[in-house]
Amino acid sequence: MGSEIIIHQLLIFGVLMVIGAIGSHFGAIKDDVKDFLAHFIIDITLPCLIFSTFARIDSNPSLFINGLLVFVFTFLYLFIAFLIGSISSRLQGLSSESTSVHTLHTMFGNIVFLGYPLFDALFPGGIGIFYAAAYQLASNTITFTYGIYRLSAGQNKSGFKRLLNINTFALILGFGLIALNIKVPEFLTDALYGLGRATSPLSMVYIGALLMGLGLRQSVKSLSSYILSFNKLLMIPVLIGFIYLWFFKVVDINPSREAFIVLIMQMAMPCQTIVVVMSKRYGGNYQLAAGNLFVSTILSVATLPLIYFFLSWLLG
């Protein structure tokens, strides 16, 4: 059933991405419109979705504990992915700029634009988004600190300031509502949730328009993008899935099925969009980053259902 939901949702995403690509190709979605969409999603619809989802969830200790597990074990995954990305870069003999992009794209996935809509469909009622938000909070901590430092070759060290944004505020406020069991007026949550639901279709249209405008003809010929996609979409999630499940059994930790699936599937998301943007801004290998994003996004249509099927089998 879960695999069918994922496939159905990915088909919907595909249609919306094609609409975005067509709009970009014919000039209806220009660069300034893409920038507007990105800011509108990140600064308006996404925080509305996060806060309203948290406000609608019934608080319980198990939910909070599982969210904390997702948060903590995201950091461990990022360290393992960093090691694998670094080794993979060295084996391929990549340049310094390409190594930074390869390593960061191994670590960071499209957990917002693709992850949130997917988990909202897979685990309705807010549970999927809650765990996805816990993962995002941990991932963003590294993205906007180490990620910027790495791509700027150590020249930009002010990344912590970027963590102080409306999404972080929405995440912390939402966690606070659940921890303190505070109820928000229904009219307010309904209004914010209605706006937040626009995150999914707008994100897919944005990705489609972004991919169309990246100039990918040369980028998709890079073998590095396909090696990265194999590592990120298949090898690492399968490896971490086995390791985490074994570790949880050894130390007698019992995360919920939903928390475990979200944690591992977030690792299997295609390459993160923001790495492409930061590569262009801070002098990284922008063309390689664009190719990574395109190749991994297309291949994820096949790999995400496979990862869900693997996790269902792994969890019995």
# chains A, B, ... in the order shown; residues from 1 in each chain; ligands from 1
$ closest_atom_pairs --of "region 58-136 of chain A" --to "region 233-245 of chain A" --cutoff "12 Å" --atoms "only C-alpha atoms" --output "JSON lines"
{"residue": "A:Leu69", "atom": "CA", "partner": "A:Tyr244", "partner_atom": "CA", "distance": 11.1}
{"residue": "A:Val70", "atom": "CA", "partner": "A:Tyr244", "partner_atom": "CA", "distance": 11.1}
{"residue": "A:Phe73", "atom": "CA", "partner": "A:Tyr244", "partner_atom": "CA", "distance": 8.7}
{"residue": "A:Thr74", "atom": "CA", "partner": "A:Ile240", "partner_atom": "CA", "distance": 10.7}
{"residue": "A:Leu76", "atom": "CA", "partner": "A:Ile240", "partner_atom": "CA", "distance": 9.8}
{"residue": "A:Tyr77", "atom": "CA", "partner": "A:Ile240", "partner_atom": "CA", "distance": 7.4}
{"residue": "A:Leu78", "atom": "CA", "partner": "A:Ile236", "partner_atom": "CA", "distance": 10.6}
{"residue": "A:Phe79", "atom": "CA", "partner": "A:Ile240", "partner_atom": "CA", "distance": 11.6}
{"residue": "A:Ile80", "atom": "CA", "partner": "A:Ile236", "partner_atom": "CA", "distance": 8.7}
{"residue": "A:Ala81", "atom": "CA", "partner": "A:Ile236", "partner_atom": "CA", "distance": 7.4}
{"residue": "A:Phe82", "atom": "CA", "partner": "A:Ile236", "partner_atom": "CA", "distance": 11.0}
{"residue": "A:Leu83", "atom": "CA", "partner": "A:Ile236", "partner_atom": "CA", "distance": 11.1}
{"residue": "A:Ile84", "atom": "CA", "partner": "A:Ile236", "partner_atom": "CA", "distance": 8.5}
{"residue": "A:Gly85", "atom": "CA", "partner": "A:Ile236", "partner_atom": "CA", "distance": 10.2}
{"residue": "A:His105", "atom": "CA", "partner": "A:Leu233", "partner_atom": "CA", "distance": 11.1}
{"residue": "A:Thr106", "atom": "CA", "partner": "A:Ile236", "partner_atom": "CA", "distance": 9.0}
{"residue": "A:Met107", "atom": "CA", "partner": "A:Ile236", "partner_atom": "CA", "distance": 9.9}
{"residue": "A:Phe108", "atom": "CA", "partner": "A:Leu233", "partner_atom": "CA", "distance": 11.4}
{"residue": "A:Gly109", "atom": "CA", "partner": "A:Leu233", "partner_atom": "CA", "distance": 9.5}
{"residue": "A:Asn110", "atom": "CA", "partner": "A:Leu233", "partner_atom": "CA", "distance": 11.4}
$ residues_around --residues "region 55-61 of chain A" --least-positions-apart "6" --cutoff "8 Å" --atoms "only C-alpha atoms" --output "number ranges by chain"
A: 125-127, 174, 177-179, 181, 183-184, 189
$ select_by_dssp --residues "region 69-305 of chain A" --states "alpha helix (DSSP H)" --output "PyMOL selection string"
chain A and resi 69-92+96-107+115-122+127-142+148-151+166-180+186-196+199-212+223-230+236-250+257-267+273-282+286-305
$ atom_distance --atom1 "CA of Ile6 (chain A)" --atom2 "CA of Phe230 (chain A)"
19.6 Å
$ residues_around --residues "Phe26 (chain A)" --least-positions-apart "6" --cutoff "12 Å" --atoms "only C-alpha atoms" --output "list of chain:residue names"
A:Ile19, A:Gly20, A:Ala209, A:Met212, A:Gly213
